[in-house]
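First the structure, in the form of structure tokens, and then the observations on it.
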Amino acid sequence: MPSPTSPRRRILRGALTVALATSLSTALVACSDTETDTDTMKTSTGQGASLDARLAPLAQKAADTGSLGVIVRVDRGTGKPLAIARQAAWTEADHRLSANDQFRVASNTKTVTATLVLQQVAQHTIRLADPVEKWLPGLVPHGRDITVKMLLNHTSGLGDYLLTPQFLPTLTGQEKRTWTAEELLAITPQQDPPAAPGEKYSYSNANYAALGLILEKATGKSLADLFEQKIIKPLGMKDTFLSTNADFSAGKTHATGYEPDAQRLRRILPPELHVPKGTAFAGPKRPHGNTDTTAVDSSWSWAAGGLVSTAADWQRFQTALMSGKLLPGAQMKQMLTAVPAPEEGGGYGLGLMEVNTPCGTVWGHTGGQPGYSSEIYTDKSGRRSAAVLTVTNFGIKEPKAAAANKALVNTAVCTMLGKPLPTESATPPR
């Protein structure tokens with residue numbers, strides 16, 4: 001079976017999985033606010049102990065092989081969720097990673113943005129067939145031919161702004177600039193090769209920058225207020241917010257993010273990306289050719305990837321969504337209707353990925369920003385979930401790191417589904 005995300009796609013995808021270019025229970029209370037840490041799980045008996053024994057060694061292996069730090073949270077729909085945090089020893093001097101740490105969930109934000117759009121569709125404020133030009137006159141090339149639905153499922157024909165010469169210095173943190181969604185749409189290139197609206201799937205953050213603007217125009221409210229009023233506050237997501245700068249919440253613990261330095265980055269990025277020689281992330285230099293990218297401001301990602309959250313909060317959201325608490329049945333059906341997206345491991349619905357794993361099909365999204373990568377999935381009912389959060393995005397593109405990370409994600413998903421993992425997928429090559 002294909003991996004949830006190919007190394008090349010996770011480089012090219014954004015905020016956002018692209019970075020330089022990748023539950024549960026029907027009752028919300030099932031996502032307990034009290035995490036069970038690894039030490040507790042080790043001394044417990046029954047299911048919990050076996051889950052810990054299965055996942056903890058792979059989590060540490062991934063951390064030591066290049067992931068640097070991982071948070072794993074698995075909820076099988078019964079009992080307390082398993083929550084594990086593992087990290088490479090040298091990173092403890094910067095921060096002791098916890099399963100409750102805040103984390104930039106990046107492109108997972110797209111699922112929330114899509115949910116807000118579909119809520120407006122249910123209220124007949126927005127139609128999926130509306131041309132973009134109706135809402136954003138003159139802002140989007142070919143806006144008369146691109147519909148809201150095409151933005152949601154990435155079939156608009158728009159390219160991505162992330163690797164444009166104008167934006168690359170901001171992405172790496174070398175230039176501090178506040179971008180508006182309008183400015184980002186203005187520098188968005190055509191797809192390469194070009195594609196007509198509706199012709200094919202091609203992931204682009206520009207689609208969700210446009211959707212954020214449409215939401216604000218349709219509702220008369222800011223996107224931050226919509227997130228807070230429609231999703232965050234009703235669901236009790238106490239550690240989730242839309243970032244407006246590089247800061248995390250005051251008084252909250254957050255994961256430290258890392259990326260390879262210029263020399264390592266050069267070896268990782270495919271030549272066809274034509275990234276300028278010497279491209280590097282801004283931040284303090286750390287051991288083993290790493291850079292601390294925690295202070296890189298990614299607020300530009302906004303509707304496409306600007307949310308900060310925790311594994312527990314995000315699984316709370318996914319529970320509510322997949323169990324039908326946030327959308328009427330008609331809109332939920334629309335969200336789950338996917339176009340083929342082999343590079344994502346299956347298909348892409350309206351802000352939601354359909355991913356084929358060794359143990360079955362799951363739904364969710366991935367995210368990647370400088371220093372942060374995440375894969376968060378549920379079964380179709382929303383009763384079970386698995387989250388793997390990793391404190392580097394490009395660092396897990398190197399072969400051994402990619403294999404260890406894939407093994408961890410596959411094991412977390414199979415554990416979530418209560419299925420045995422094929423031996424060859426469970427053990428990363430040495």
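Convention: chains lettered A, B, ... in structure tokens order; per-chain residue numbering from 1; ligands numbered from 1 as shown.
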Rows by chain and residue number, region 299-343 of chain A within 9 Å of region 169-189 of chain A, shortest pair, only C-alpha atoms, as a Markdown table:
| residue | atom | partner | partner_atom | distance |
| --- | --- | --- | --- | --- |
| A:Ser299 | CA | A:Thr178 | CA | 8.0 |
| A:Trp300 | CA | A:Trp179 | CA | 5.7 |
| A:Ser301 | CA | A:Ala181 | CA | 8.7 |
| A:Trp302 | CA | A:Ala181 | CA | 8.1 |
| A:Ala303 | CA | A:Ala181 | CA | 8.9 |
*What's the 10 Å shell around Gly257 (chain A), counting only C-alpha atoms, without same-chain residues fewer than 6 positions away, as a list of chain:residue names?*
A:Leu68, A:Gly69, A:Thr91, A:Phe103, A:Arg104, A:Asn290, A:Thr291, A:Asp292, A:Thr293, A:Thr294, A:Ala295, A:Val296, A:Gln369, A:Pro370, A:Gly371, A:Tyr372, A:Ser373, A:Thr390, A:Val391, A:Thr392, A:Asn393
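Checking A:Ile268, A:Met416, A:Lys80, A:Val112 one by one against Glu228 (chain A), counting only C-alpha atoms, you find the shortest gap at A:Val112.
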Excluding Ser222 (chain A) and any residue of its chain fewer than 5 positions from it, enumerate the residues within 12 Å of it, using only C-alpha atoms, and give them as a PDB file with all heavy atoms, in the first residue's frame.
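Generated output (part.pdb):
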ATOM      1  N   GLY A 212     -10.355  31.650   2.701  1.00  0.00           N
ATOM      2  CA  GLY A 212     -10.400  32.484   3.895  1.00  0.00           C
ATOM      3  C   GLY A 212     -11.016  33.842   3.597  1.00  0.00           C
ATOM      4  O   GLY A 212     -11.833  34.357   4.371  1.00  0.00           O
ATOM      5  N   LEU A 213     -10.642  34.423   2.466  1.00  0.00           N
ATOM      6  CA  LEU A 213     -11.207  35.712   2.073  1.00  0.00           C
ATOM      7  C   LEU A 213     -12.701  35.591   1.781  1.00  0.00           C
ATOM      8  O   LEU A 213     -13.488  36.481   2.131  1.00  0.00           O
ATOM      9  CB  LEU A 213     -10.472  36.256   0.843  1.00  0.00           C
ATOM     10  CG  LEU A 213      -9.017  36.680   1.061  1.00  0.00           C
ATOM     11  CD1 LEU A 213      -8.379  37.063  -0.274  1.00  0.00           C
ATOM     12  CD2 LEU A 213      -8.937  37.849   2.035  1.00  0.00           C
ATOM     13  N   ILE A 214     -13.097  34.498   1.127  1.00  0.00           N
ATOM     14  CA  ILE A 214     -14.519  34.285   0.832  1.00  0.00           C
ATOM     15  C   ILE A 214     -15.325  34.165   2.117  1.00  0.00           C
ATOM     16  O   ILE A 214     -16.414  34.738   2.250  1.00  0.00           O
ATOM     17  CB  ILE A 214     -14.703  33.040  -0.063  1.00  0.00           C
ATOM     18  CG1 ILE A 214     -14.148  33.315  -1.465  1.00  0.00           C
ATOM     19  CG2 ILE A 214     -16.173  32.631  -0.145  1.00  0.00           C
ATOM     20  CD1 ILE A 214     -14.116  32.092  -2.367  1.00  0.00           C
ATOM     21  N   LEU A 215     -14.802  33.438   3.090  1.00  0.00           N
ATOM     22  CA  LEU A 215     -15.494  33.299   4.375  1.00  0.00           C
ATOM     23  C   LEU A 215     -15.687  34.655   5.044  1.00  0.00           C
ATOM     24  O   LEU A 215     -16.777  34.953   5.575  1.00  0.00           O
ATOM     25  CB  LEU A 215     -14.709  32.370   5.304  1.00  0.00           C
ATOM     26  CG  LEU A 215     -14.944  30.882   5.134  1.00  0.00           C
ATOM     27  CD1 LEU A 215     -13.896  30.092   5.918  1.00  0.00           C
ATOM     28  CD2 LEU A 215     -16.351  30.486   5.595  1.00  0.00           C
ATOM     29  N   GLU A 216     -14.652  35.467   5.044  1.00  0.00           N
ATOM     30  CA  GLU A 216     -14.765  36.772   5.693  1.00  0.00           C
ATOM     31  C   GLU A 216     -15.786  37.657   4.981  1.00  0.00           C
ATOM     32  O   GLU A 216     -16.577  38.357   5.620  1.00  0.00           O
ATOM     33  CB  GLU A 216     -13.400  37.454   5.741  1.00  0.00           C
ATOM     34  CG  GLU A 216     -12.426  36.770   6.689  1.00  0.00           C
ATOM     35  CD  GLU A 216     -11.205  37.589   7.002  1.00  0.00           C
ATOM     36  OE1 GLU A 216     -10.810  38.412   6.140  1.00  0.00           O
ATOM     37  OE2 GLU A 216     -10.634  37.429   8.099  1.00  0.00           O
ATOM     38  N   LYS A 217     -15.794  37.601   3.651  1.00  0.00           N
ATOM     39  CA  LYS A 217     -16.734  38.427   2.896  1.00  0.00           C
ATOM     40  C   LYS A 217     -18.164  37.925   3.079  1.00  0.00           C
ATOM     41  O   LYS A 217     -19.103  38.717   3.216  1.00  0.00           O
ATOM     42  CB  LYS A 217     -16.356  38.437   1.420  1.00  0.00           C
ATOM     43  CG  LYS A 217     -17.131  39.459   0.605  1.00  0.00           C
ATOM     44  CD  LYS A 217     -16.477  39.718  -0.730  1.00  0.00           C
ATOM     45  CE  LYS A 217     -17.164  40.859  -1.467  1.00  0.00           C
ATOM     46  NZ  LYS A 217     -16.531  41.115  -2.784  1.00  0.00           N
ATOM     47  N   PHE A 227     -13.132  30.916  13.504  1.00  0.00           N
ATOM     48  CA  PHE A 227     -12.504  29.747  14.130  1.00  0.00           C
ATOM     49  C   PHE A 227     -12.922  29.646  15.595  1.00  0.00           C
ATOM     50  O   PHE A 227     -13.294  28.580  16.077  1.00  0.00           O
ATOM     51  CB  PHE A 227     -10.980  29.852  14.051  1.00  0.00           C
ATOM     52  CG  PHE A 227     -10.389  29.457  12.721  1.00  0.00           C
ATOM     53  CD1 PHE A 227      -9.138  29.927  12.346  1.00  0.00           C
ATOM     54  CD2 PHE A 227     -11.051  28.619  11.847  1.00  0.00           C
ATOM     55  CE1 PHE A 227      -8.571  29.571  11.140  1.00  0.00           C
ATOM     56  CE2 PHE A 227     -10.496  28.254  10.631  1.00  0.00           C
ATOM     57  CZ  PHE A 227      -9.254  28.732  10.281  1.00  0.00           C
ATOM     58  N   GLU A 228     -12.826  30.771  16.299  1.00  0.00           N
ATOM     59  CA  GLU A 228     -13.107  30.787  17.732  1.00  0.00           C
ATOM     60  C   GLU A 228     -14.572  30.505  18.023  1.00  0.00           C
ATOM     61  O   GLU A 228     -14.906  29.679  18.888  1.00  0.00           O
ATOM     62  CB  GLU A 228     -12.708  32.148  18.312  1.00  0.00           C
ATOM     63  CG  GLU A 228     -12.893  32.280  19.815  1.00  0.00           C
ATOM     64  CD  GLU A 228     -11.919  31.449  20.622  1.00  0.00           C
ATOM     65  OE1 GLU A 228     -10.821  31.137  20.093  1.00  0.00           O
ATOM     66  OE2 GLU A 228     -12.233  31.094  21.777  1.00  0.00           O
ATOM     67  N   GLN A 229     -15.478  31.181  17.308  1.00  0.00           N
ATOM     68  CA  GLN A 229     -16.902  31.106  17.616  1.00  0.00           C
ATOM     69  C   GLN A 229     -17.567  29.835  17.118  1.00  0.00           C
ATOM     70  O   GLN A 229     -18.504  29.327  17.751  1.00  0.00           O
ATOM     71  CB  GLN A 229     -17.616  32.329  17.034  1.00  0.00           C
ATOM     72  CG  GLN A 229     -17.174  33.645  17.653  1.00  0.00           C
ATOM     73  CD  GLN A 229     -17.674  34.856  16.876  1.00  0.00           C
ATOM     74  OE1 GLN A 229     -18.503  34.744  15.975  1.00  0.00           O
ATOM     75  NE2 GLN A 229     -17.156  36.037  17.221  1.00  0.00           N
ATOM     76  N   LYS A 230     -17.102  29.301  15.979  1.00  0.00           N
ATOM     77  CA  LYS A 230     -17.767  28.158  15.364  1.00  0.00           C
ATOM     78  C   LYS A 230     -17.132  26.815  15.712  1.00  0.00           C
ATOM     79  O   LYS A 230     -17.796  25.770  15.666  1.00  0.00           O
ATOM     80  CB  LYS A 230     -17.777  28.316  13.836  1.00  0.00           C
ATOM     81  CG  LYS A 230     -18.485  29.551  13.317  1.00  0.00           C
ATOM     82  CD  LYS A 230     -19.980  29.459  13.524  1.00  0.00           C
ATOM     83  CE  LYS A 230     -20.700  30.624  12.865  1.00  0.00           C
ATOM     84  NZ  LYS A 230     -22.174  30.529  13.040  1.00  0.00           N
ATOM     85  N   LEU A 242      -5.520  30.721  16.304  1.00  0.00           N
ATOM     86  CA  LEU A 242      -4.962  31.106  15.007  1.00  0.00           C
ATOM     87  C   LEU A 242      -3.791  32.043  15.253  1.00  0.00           C
ATOM     88  O   LEU A 242      -3.948  33.108  15.863  1.00  0.00           O
ATOM     89  CB  LEU A 242      -6.019  31.799  14.149  1.00  0.00           C
ATOM     90  CG  LEU A 242      -5.573  32.242  12.750  1.00  0.00           C
ATOM     91  CD1 LEU A 242      -5.221  31.030  11.890  1.00  0.00           C
ATOM     92  CD2 LEU A 242      -6.652  33.086  12.078  1.00  0.00           C
ATOM     93  N   TRP A 302      -2.283  31.384   7.644  1.00  0.00           N
ATOM     94  CA  TRP A 302      -3.667  31.817   7.842  1.00  0.00           C
ATOM     95  C   TRP A 302      -4.682  30.696   7.618  1.00  0.00           C
ATOM     96  O   TRP A 302      -4.609  29.662   8.267  1.00  0.00           O
ATOM     97  CB  TRP A 302      -3.931  33.016   6.926  1.00  0.00           C
ATOM     98  CG  TRP A 302      -5.136  33.827   7.257  1.00  0.00           C
ATOM     99  CD1 TRP A 302      -5.492  34.343   8.472  1.00  0.00           C
ATOM    100  CD2 TRP A 302      -6.152  34.243   6.333  1.00  0.00           C
ATOM    101  NE1 TRP A 302      -6.660  35.065   8.360  1.00  0.00           N
ATOM    102  CE2 TRP A 302      -7.084  35.019   7.067  1.00  0.00           C
ATOM    103  CE3 TRP A 302      -6.373  34.040   4.974  1.00  0.00           C
ATOM    104  CZ2 TRP A 302      -8.218  35.590   6.479  1.00  0.00           C
ATOM    105  CZ3 TRP A 302      -7.484  34.602   4.377  1.00  0.00           C
ATOM    106  CH2 TRP A 302      -8.398  35.377   5.126  1.00  0.00           C
ATOM    107  N   ALA A 303      -5.594  30.861   6.679  1.00  0.00           N
ATOM    108  CA  ALA A 303      -6.651  29.864   6.448  1.00  0.00           C
ATOM    109  C   ALA A 303      -6.109  28.554   5.911  1.00  0.00           C
ATOM    110  O   ALA A 303      -6.754  27.508   6.017  1.00  0.00           O
ATOM    111  CB  ALA A 303      -7.689  30.417   5.463  1.00  0.00           C
TER     112      ALA A 303
END
List every residue of region 70-201 of chain A that DSSP, applied to the backbone of this structure, places in strand (DSSP E), and write the result as a JSON list (two decimals) with C-alpha atoms, in the first residue's frame.
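The resulting file, selection_8.json, is shown below:
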[["chain", "number", "residue", "atom", "x", "y", "z"],
["A", 70, "VAL", "CA", 7.66, 12.96, 18.25],
["A", 71, "ILE", "CA", 4.31, 13.14, 19.98],
["A", 72, "VAL", "CA", 2.04, 10.15, 19.43],
["A", 73, "ARG", "CA", -1.56, 10.02, 20.62],
["A", 74, "VAL", "CA", -3.79, 7.05, 19.85],
["A", 75, "ASP", "CA", -7.44, 6.71, 20.83],
["A", 82, "LEU", "CA", -2.30, 6.51, 24.83],
["A", 83, "ALA", "CA", -0.06, 9.58, 24.70],
["A", 84, "ILE", "CA", 3.70, 9.31, 24.16],
["A", 85, "ALA", "CA", 6.44, 11.92, 23.77],
["A", 86, "ARG", "CA", 9.94, 10.82, 22.71],
["A", 87, "GLN", "CA", 12.96, 12.88, 21.64],
["A", 103, "PHE", "CA", 2.26, 22.42, 18.08],
["A", 104, "ARG", "CA", 1.85, 24.18, 14.72]]
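Proximity to Arg127 (chain A) was assessed for A:Thr147, A:Asn100, A:Ser385, A:Thr240 counting only C-alpha atoms; the smallest distance is recorded for A:Thr147.
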*Would you mind reading off the distance between CA of Arg144 (chain A) and CA of Glu199 (chain A), one decimal, in Å?*
15.1 Å
Looking only at the backbone, which of the residues in region 173-338 of chain A does DSSP tag as alpha helix (DSSP H), as a tab-separated table (two decimals) with N, CA, C and O atoms, in the first residue's frame?
chain	number	residue	atom	x	y	z
A	181	ALA	N	-3.50	37.82	2.43
A	181	ALA	CA	-3.95	36.80	1.49
A	181	ALA	C	-4.03	37.36	0.08
A	181	ALA	O	-3.72	36.66	-0.90
A	182	GLU	N	-4.43	38.62	-0.04
A	182	GLU	CA	-4.50	39.25	-1.36
A	182	GLU	C	-3.12	39.32	-2.01
A	182	GLU	O	-2.97	39.07	-3.22
A	183	GLU	N	-2.10	39.64	-1.22
A	183	GLU	CA	-0.74	39.71	-1.76
A	183	GLU	C	-0.24	38.33	-2.18
A	183	GLU	O	0.45	38.20	-3.20
A	184	LEU	N	-0.58	37.31	-1.42
A	184	LEU	CA	-0.16	35.96	-1.77
A	184	LEU	C	-0.84	35.49	-3.04
A	184	LEU	O	-0.22	34.83	-3.89
A	185	LEU	N	-2.11	35.81	-3.21
A	185	LEU	CA	-2.80	35.44	-4.45
A	185	LEU	C	-2.19	36.18	-5.63
A	185	LEU	O	-2.14	35.63	-6.75
A	186	ALA	N	-1.70	37.39	-5.42
A	186	ALA	CA	-1.12	38.17	-6.51
A	186	ALA	C	0.18	37.56	-7.03
A	186	ALA	O	0.54	37.76	-8.20
A	205	ASN	N	-1.74	25.98	-1.58
A	205	ASN	CA	-2.17	26.81	-0.46
A	205	ASN	C	-2.95	28.02	-0.91
A	205	ASN	O	-3.73	28.59	-0.14
A	206	ALA	N	-2.75	28.44	-2.15
A	206	ALA	CA	-3.49	29.59	-2.67
A	206	ALA	C	-4.99	29.34	-2.63
A	206	ALA	O	-5.78	30.27	-2.42
A	207	ASN	N	-5.40	28.09	-2.83
A	207	ASN	CA	-6.83	27.77	-2.78
A	207	ASN	C	-7.45	28.17	-1.45
A	207	ASN	O	-8.56	28.72	-1.39
A	208	TYR	N	-6.73	27.90	-0.37
A	208	TYR	CA	-7.29	28.16	0.95
A	208	TYR	C	-7.09	29.60	1.40
A	208	TYR	O	-7.85	30.11	2.23
A	209	ALA	N	-6.10	30.28	0.83
A	209	ALA	CA	-6.02	31.73	1.05
A	209	ALA	C	-7.27	32.40	0.48
A	209	ALA	O	-7.87	33.28	1.11
A	210	ALA	N	-7.68	31.94	-0.72
A	210	ALA	CA	-8.90	32.48	-1.33
A	210	ALA	C	-10.14	32.13	-0.51
A	210	ALA	O	-11.03	32.96	-0.31
A	211	LEU	N	-10.20	30.90	0.01
A	211	LEU	CA	-11.36	30.49	0.81
A	211	LEU	C	-11.48	31.30	2.09
A	211	LEU	O	-12.59	31.63	2.54
A	212	GLY	N	-10.35	31.65	2.70
A	212	GLY	CA	-10.40	32.48	3.89
A	212	GLY	C	-11.02	33.84	3.60
A	212	GLY	O	-11.83	34.36	4.37
A	213	LEU	N	-10.64	34.42	2.47
A	213	LEU	CA	-11.21	35.71	2.07
A	213	LEU	C	-12.70	35.59	1.78
A	213	LEU	O	-13.49	36.48	2.13
A	214	ILE	N	-13.10	34.50	1.13
A	214	ILE	CA	-14.52	34.28	0.83
A	214	ILE	C	-15.33	34.17	2.12
A	214	ILE	O	-16.41	34.74	2.25
A	215	LEU	N	-14.80	33.44	3.09
A	215	LEU	CA	-15.49	33.30	4.38
A	215	LEU	C	-15.69	34.65	5.04
A	215	LEU	O	-16.78	34.95	5.57
A	216	GLU	N	-14.65	35.47	5.04
A	216	GLU	CA	-14.76	36.77	5.69
A	216	GLU	C	-15.79	37.66	4.98
A	216	GLU	O	-16.58	38.36	5.62
A	217	LYS	N	-15.79	37.60	3.65
A	217	LYS	CA	-16.73	38.43	2.90
A	217	LYS	C	-18.16	37.92	3.08
A	217	LYS	O	-19.10	38.72	3.22
A	218	ALA	N	-18.35	36.61	3.11
A	218	ALA	CA	-19.70	36.04	3.21
A	218	ALA	C	-20.31	36.25	4.59
A	218	ALA	O	-21.53	36.38	4.72
A	219	THR	N	-19.48	36.27	5.62
A	219	THR	CA	-20.00	36.33	7.00
A	219	THR	C	-19.86	37.71	7.63
A	219	THR	O	-20.53	37.99	8.63
A	223	LEU	N	-11.60	35.77	10.08
A	223	LEU	CA	-11.39	34.32	10.13
A	223	LEU	C	-11.08	33.87	11.55
A	223	LEU	O	-11.56	32.82	11.99
A	224	ALA	N	-10.30	34.65	12.27
A	224	ALA	CA	-9.97	34.29	13.66
A	224	ALA	C	-11.24	34.18	14.51
A	224	ALA	O	-11.39	33.25	15.32
A	225	ASP	N	-12.17	35.11	14.32
A	225	ASP	CA	-13.43	35.05	15.07
A	225	ASP	C	-14.26	33.84	14.66
A	225	ASP	O	-14.89	33.19	15.51
A	226	LEU	N	-14.27	33.51	13.38
A	226	LEU	CA	-15.02	32.33	12.92
A	226	LEU	C	-14.45	31.06	13.52
A	226	LEU	O	-15.20	30.19	13.99
A	233	LYS	N	-14.24	27.43	20.56
A	233	LYS	CA	-14.97	27.61	21.82
A	233	LYS	C	-16.06	26.55	22.03
A	233	LYS	O	-16.14	25.95	23.10
A	234	PRO	N	-16.91	26.27	21.02
A	234	PRO	CA	-17.95	25.25	21.23
A	234	PRO	C	-17.40	23.87	21.58
A	234	PRO	O	-18.04	23.12	22.31
A	235	LEU	N	-16.22	23.54	21.04
A	235	LEU	CA	-15.66	22.22	21.28
A	235	LEU	C	-14.73	22.17	22.50
A	235	LEU	O	-14.20	21.11	22.83
A	262	ALA	N	21.91	24.58	5.99
A	262	ALA	CA	21.98	24.76	4.53
A	262	ALA	C	22.63	23.57	3.83
A	262	ALA	O	22.18	23.14	2.77
A	263	GLN	N	23.70	23.03	4.42
A	263	GLN	CA	24.41	21.92	3.79
A	263	GLN	C	23.54	20.68	3.70
A	263	GLN	O	23.45	20.04	2.65
A	264	ARG	N	22.89	20.33	4.79
A	264	ARG	CA	22.01	19.15	4.77
A	264	ARG	C	20.79	19.40	3.89
A	264	ARG	O	20.33	18.51	3.18
A	265	LEU	N	20.25	20.61	3.94
A	265	LEU	CA	19.06	20.93	3.16
A	265	LEU	C	19.32	20.76	1.67
A	265	LEU	O	18.48	20.27	0.91
A	266	ARG	N	20.52	21.14	1.26
A	266	ARG	CA	20.89	21.02	-0.15
A	266	ARG	C	20.83	19.57	-0.61
A	266	ARG	O	20.44	19.27	-1.76
A	267	ARG	N	21.21	18.64	0.27
A	267	ARG	CA	21.20	17.21	-0.09
A	267	ARG	C	19.78	16.65	-0.12
A	267	ARG	O	19.50	15.68	-0.82
A	268	ILE	N	18.88	17.24	0.66
A	268	ILE	CA	17.53	16.72	0.80
A	268	ILE	C	16.62	17.16	-0.34
A	268	ILE	O	15.84	16.36	-0.88
A	302	TRP	N	-2.28	31.38	7.64
A	302	TRP	CA	-3.67	31.82	7.84
A	302	TRP	C	-4.68	30.70	7.62
A	302	TRP	O	-4.61	29.66	8.27
A	303	ALA	N	-5.59	30.86	6.68
A	303	ALA	CA	-6.65	29.86	6.45
A	303	ALA	C	-6.11	28.55	5.91
A	303	ALA	O	-6.75	27.51	6.02
A	304	ALA	N	-4.89	28.58	5.36
A	304	ALA	CA	-4.29	27.37	4.79
A	304	ALA	C	-3.51	26.58	5.81
A	304	ALA	O	-3.24	25.40	5.61
A	305	GLY	N	-3.12	27.21	6.95
A	305	GLY	CA	-2.29	26.46	7.88
A	305	GLY	C	-1.88	27.19	9.13
A	305	GLY	O	-0.84	26.88	9.71
A	311	ALA	N	-2.32	17.65	20.24
A	311	ALA	CA	-2.87	16.38	19.73
A	311	ALA	C	-4.26	16.12	20.29
A	311	ALA	O	-5.17	15.71	19.57
A	312	ALA	N	-4.46	16.38	21.58
A	312	ALA	CA	-5.76	16.13	22.19
A	312	ALA	C	-6.83	17.05	21.65
A	312	ALA	O	-7.95	16.62	21.33
A	313	ASP	N	-6.51	18.34	21.52
A	313	ASP	CA	-7.48	19.29	20.97
A	313	ASP	C	-7.88	18.91	19.55
A	313	ASP	O	-9.05	18.98	19.17
A	314	TRP	N	-6.88	18.54	18.75
A	314	TRP	CA	-7.18	18.25	17.34
A	314	TRP	C	-8.03	16.99	17.21
A	314	TRP	O	-8.93	16.92	16.38
A	315	GLN	N	-7.76	16.02	18.01
A	315	GLN	CA	-8.58	14.81	17.96
A	315	GLN	C	-10.00	15.11	18.45
A	315	GLN	O	-10.97	14.51	17.98
A	316	ARG	N	-10.15	16.06	19.35
A	316	ARG	CA	-11.48	16.50	19.77
A	316	ARG	C	-12.24	17.08	18.58
A	316	ARG	O	-13.42	16.81	18.36
A	317	PHE	N	-11.55	17.92	17.79
A	317	PHE	CA	-12.18	18.48	16.59
A	317	PHE	C	-12.57	17.38	15.60
A	317	PHE	O	-13.68	17.34	15.08
A	318	GLN	N	-11.63	16.46	15.35
A	318	GLN	CA	-11.93	15.40	14.38
A	318	GLN	C	-13.07	14.51	14.84
A	318	GLN	O	-13.88	14.05	14.03
A	319	THR	N	-13.16	14.26	16.13
A	319	THR	CA	-14.27	13.50	16.67
A	319	THR	C	-15.60	14.17	16.34
A	319	THR	O	-16.55	13.55	15.86
A	320	ALA	N	-15.67	15.47	16.63
A	320	ALA	CA	-16.89	16.22	16.39
A	320	ALA	C	-17.25	16.23	14.90
A	320	ALA	O	-18.41	16.05	14.53
A	321	LEU	N	-16.24	16.43	14.06
A	321	LEU	CA	-16.49	16.50	12.62
A	321	LEU	C	-16.99	15.17	12.08
A	321	LEU	O	-18.06	15.08	11.45
A	322	MET	N	-16.21	14.11	12.30
A	322	MET	CA	-16.51	12.83	11.66
A	322	MET	C	-17.75	12.15	12.26
A	322	MET	O	-18.38	11.31	11.61
A	329	GLY	N	-25.76	16.09	7.38
A	329	GLY	CA	-25.39	14.91	6.61
A	329	GLY	C	-25.05	15.21	5.16
A	329	GLY	O	-24.10	14.63	4.60
A	330	ALA	N	-25.79	16.11	4.52
A	330	ALA	CA	-25.53	16.42	3.11
A	330	ALA	C	-24.15	17.02	2.91
A	330	ALA	O	-23.42	16.65	1.97
A	331	GLN	N	-23.77	17.93	3.80
A	331	GLN	CA	-22.45	18.56	3.67
A	331	GLN	C	-21.33	17.60	4.07
A	331	GLN	O	-20.24	17.65	3.51
A	332	MET	N	-21.61	16.71	5.04
A	332	MET	CA	-20.60	15.72	5.39
A	332	MET	C	-20.34	14.79	4.21
A	332	MET	O	-19.20	14.42	3.92
A	333	LYS	N	-21.39	14.44	3.50
A	333	LYS	CA	-21.24	13.59	2.31
A	333	LYS	C	-20.41	14.31	1.26
A	333	LYS	O	-19.55	13.70	0.60
A	334	GLN	N	-20.64	15.61	1.08
A	334	GLN	CA	-19.85	16.38	0.12
A	334	GLN	C	-18.38	16.42	0.53
A	334	GLN	O	-17.49	16.26	-0.31
A	335	MET	N	-18.12	16.60	1.82
A	335	MET	CA	-16.74	16.66	2.29
A	335	MET	C	-16.01	15.35	2.03
A	335	MET	O	-14.81	15.33	1.70
_Residue among A:Lys397, A:His274, A:His124, A:His254 lying closest to Thr164 (chain A), counting only C-alpha atoms_ =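 That would be A:His274, the residue with the smallest distance to Thr164 (chain A).
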*Residue neighbourhood Ser67 (chain A), 6 Å, only C-alpha atoms, exclusion window fewer than 4 positions, as an NGL selection string*: :A and (62-63 or 396)
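Among the candidates A:Asn410, A:Ile231, A:Ala404, A:Pro328, the one nearest to Gln123 (chain A) when counting only C-alpha atoms is A:Pro328.
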_Residue with smallest distance to Gly367 (chain A) - pool A:Gln102, A:Thr65, A:Thr109, A:Ser381, counting only C-alpha atoms_ =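 Of all the options, A:Thr109 lies closest to Gly367 (chain A).
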*In Å, with one decimal, what is the gap from CA of Pro141 (chain A) to CA of Gly220 (chain A)?*
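Between these atoms lies a distance of 23.9 Å.
The coordinates place CA of Pro340 (chain A) at 18.0 Å from CA of Gly159 (chain A).
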